[in-house]
Amino acid sequence: MNQYLTDRQQKILDFITREIDRSGIAPNTEQIASEFEIPSLNRVTQYLHALEGKGWITCNAAPQGGIALVENGNSYRLAVCGDIEDRRVAFKKRS
């Protein structure tokens, strides 16, 4: 699993995570395209396939669709508290 993401991939992953945390439902491709002003749904799908290939999400091809975050021993979703620019950061693991 390649964990290294491009800036855009990271931003899309962060958006997906925020939406799941906020509403319990992952955004669809149209919502992602709108959020990042991506004119092509095909391009959004390419980003999602890249995230899936790198092991961060899974995509369901069923008609209702769906994106799920991959939770495993090698990745953690962390809340960042503090000022990153001053190099003072505290991490709090979400339950």
# chains A, B, ... in the order shown; residues from 1 in each chain; ligands from 1
call {"tool": "residues_around", "arguments": {"residues": "A:Leu41", "least_positions_apart": "6", "cutoff": "8 Å", "atoms": "only C-alpha atoms", "output": "list in words"}}
result
Thr29, Glu30 and Ala33 of chain A
call {"tool": "atom_distance", "arguments": {"atom1": "atom CA of A:Gln46", "atom2": "atom CA of A:Ser34"}}
result
15.4 Å
call {"tool": "closest_residue", "arguments": {"among": "A:Glu71, A:Glu52, A:Thr58, A:Phe15", "to": "A:Pro27", "atoms": "only C-alpha atoms"}}
result
A:Phe15
call {"tool": "closest_residue", "arguments": {"among": "A:Ile12, A:Gly53, A:Leu69, A:Leu5", "to": "A:Glu37", "atoms": "only C-alpha atoms"}}
result
A:Ile12
call {"tool": "closest_residue", "arguments": {"among": "A:Trp56, A:Phe36, A:Ala50, A:Val70", "to": "A:Lys11", "atoms": "only C-alpha atoms"}}
result
A:Phe36
call {"tool": "residues_around", "arguments": {"residues": "A:Arg18", "least_positions_apart": "3", "cutoff": "12 Å", "atoms": "only C-alpha atoms", "output": "list of chain:residue names"}}
result
A:Lys11, A:Ile12, A:Leu13, A:Asp14, A:Phe15, A:Asp21, A:Arg22, A:Ser23, A:Gly24, A:Ile25, A:Ala26, A:Pro27, A:Ile32, A:Leu69, A:Arg77, A:Leu78, A:Ala79
call {"tool": "write_last_selection", "arguments": {"atoms": "all heavy atoms", "output": "compact mmCIF listing (two decimals), in the first residue's frame"}}
result
# COMPACT_ATOMS: atom_id res chain seq x y z
N LYS A 11 -6.43 16.49 0.11
CA LYS A 11 -7.56 17.39 0.35
C LYS A 11 -8.89 16.68 0.13
O LYS A 11 -9.85 16.88 0.89
CB LYS A 11 -7.44 18.62 -0.53
CG LYS A 11 -6.34 19.56 -0.09
CD LYS A 11 -6.18 20.73 -1.02
CE LYS A 11 -5.01 21.60 -0.55
NZ LYS A 11 -4.74 22.70 -1.46
N ILE A 12 -8.96 15.84 -0.89
CA ILE A 12 -10.19 15.08 -1.15
C ILE A 12 -10.42 14.07 -0.03
O ILE A 12 -11.55 13.93 0.46
CB ILE A 12 -10.13 14.41 -2.54
CG1 ILE A 12 -10.21 15.49 -3.63
CG2 ILE A 12 -11.25 13.38 -2.70
CD1 ILE A 12 -9.98 14.99 -5.03
N LEU A 13 -9.37 13.40 0.41
CA LEU A 13 -9.50 12.46 1.53
C LEU A 13 -9.96 13.18 2.79
O LEU A 13 -10.84 12.69 3.51
CB LEU A 13 -8.18 11.73 1.77
CG LEU A 13 -8.17 10.72 2.92
CD1 LEU A 13 -9.16 9.59 2.67
CD2 LEU A 13 -6.76 10.17 3.10
N ASP A 14 -9.41 14.34 3.06
CA ASP A 14 -9.81 15.13 4.22
C ASP A 14 -11.29 15.52 4.12
O ASP A 14 -12.02 15.48 5.11
CB ASP A 14 -8.95 16.39 4.37
CG ASP A 14 -7.52 16.08 4.76
OD1 ASP A 14 -7.24 14.95 5.23
OD2 ASP A 14 -6.67 16.98 4.59
N PHE A 15 -11.73 15.92 2.93
CA PHE A 15 -13.13 16.28 2.72
C PHE A 15 -14.05 15.08 2.96
O PHE A 15 -15.07 15.20 3.65
CB PHE A 15 -13.32 16.83 1.31
CG PHE A 15 -14.75 17.14 0.96
CD1 PHE A 15 -15.42 18.17 1.59
CD2 PHE A 15 -15.41 16.41 -0.01
CE1 PHE A 15 -16.75 18.48 1.26
CE2 PHE A 15 -16.73 16.70 -0.34
CZ PHE A 15 -17.39 17.73 0.29
N ASP A 21 -17.58 12.22 9.18
CA ASP A 21 -17.64 12.60 10.60
C ASP A 21 -18.86 13.48 10.88
O ASP A 21 -19.51 13.35 11.91
CB ASP A 21 -16.38 13.34 11.03
CG ASP A 21 -15.17 12.43 11.17
OD1 ASP A 21 -15.35 11.19 11.21
OD2 ASP A 21 -14.05 12.95 11.23
N ARG A 22 -19.17 14.39 9.96
CA ARG A 22 -20.27 15.35 10.16
C ARG A 22 -21.64 14.70 10.01
O ARG A 22 -22.52 14.89 10.84
CB ARG A 22 -20.13 16.50 9.16
CG ARG A 22 -21.17 17.60 9.31
CD ARG A 22 -21.05 18.66 8.22
NE ARG A 22 -21.33 18.16 6.89
CZ ARG A 22 -22.55 17.93 6.41
NH1 ARG A 22 -23.61 18.14 7.15
NH2 ARG A 22 -22.71 17.50 5.18
N SER A 23 -21.82 13.93 8.95
CA SER A 23 -23.16 13.43 8.63
C SER A 23 -23.31 11.91 8.70
O SER A 23 -24.41 11.40 8.62
CB SER A 23 -23.55 13.90 7.23
OG SER A 23 -22.75 13.25 6.25
N GLY A 24 -22.17 11.21 8.78
CA GLY A 24 -22.23 9.75 8.76
C GLY A 24 -22.31 9.18 7.36
O GLY A 24 -22.39 7.97 7.18
N ILE A 25 -22.32 10.06 6.35
CA ILE A 25 -22.44 9.63 4.96
C ILE A 25 -21.31 10.25 4.15
O ILE A 25 -21.03 11.44 4.26
CB ILE A 25 -23.79 10.07 4.36
CG1 ILE A 25 -24.94 9.48 5.17
CG2 ILE A 25 -23.90 9.69 2.89
CD1 ILE A 25 -26.29 10.05 4.81
N ALA A 26 -20.69 9.43 3.31
CA ALA A 26 -19.62 9.94 2.45
C ALA A 26 -20.22 10.78 1.32
O ALA A 26 -21.34 10.52 0.86
CB ALA A 26 -18.83 8.78 1.86
N PRO A 27 -19.49 11.78 0.85
CA PRO A 27 -19.98 12.58 -0.28
C PRO A 27 -19.97 11.74 -1.56
O PRO A 27 -19.20 10.79 -1.69
CB PRO A 27 -18.96 13.73 -0.36
CG PRO A 27 -17.71 13.16 0.21
CD PRO A 27 -18.16 12.21 1.29
N ILE A 32 -18.09 16.07 -4.41
CA ILE A 32 -16.63 16.26 -4.43
C ILE A 32 -16.25 17.21 -5.57
O ILE A 32 -15.46 18.14 -5.38
CB ILE A 32 -15.90 14.91 -4.55
CG1 ILE A 32 -16.15 14.06 -3.30
CG2 ILE A 32 -14.39 15.12 -4.79
CD1 ILE A 32 -15.69 12.63 -3.41
N LEU A 69 -13.99 4.73 4.35
CA LEU A 69 -12.59 4.88 4.77
C LEU A 69 -12.06 3.53 5.18
O LEU A 69 -12.78 2.72 5.78
CB LEU A 69 -12.49 5.85 5.95
CG LEU A 69 -12.91 7.29 5.66
CD1 LEU A 69 -12.96 8.07 6.97
CD2 LEU A 69 -11.97 7.94 4.68
N ARG A 77 -6.81 8.26 12.10
CA ARG A 77 -7.46 9.54 11.91
C ARG A 77 -7.24 10.32 13.18
O ARG A 77 -7.63 9.91 14.25
CB ARG A 77 -8.94 9.33 11.63
CG ARG A 77 -9.16 8.63 10.30
CD ARG A 77 -10.56 8.16 10.12
NE ARG A 77 -11.50 9.24 10.25
CZ ARG A 77 -12.78 9.05 10.52
NH1 ARG A 77 -13.25 7.85 10.69
NH2 ARG A 77 -13.59 10.08 10.63
N LEU A 78 -6.56 11.44 13.08
CA LEU A 78 -6.18 12.22 14.25
C LEU A 78 -6.79 13.61 14.21
O LEU A 78 -6.87 14.23 13.15
CB LEU A 78 -4.65 12.35 14.33
CG LEU A 78 -3.86 11.05 14.37
CD1 LEU A 78 -2.37 11.35 14.22
CD2 LEU A 78 -4.12 10.31 15.65
N ALA A 79 -7.17 14.09 15.36
CA ALA A 79 -7.57 15.49 15.49
C ALA A 79 -6.33 16.27 15.89
O ALA A 79 -5.60 15.88 16.79
CB ALA A 79 -8.65 15.63 16.55
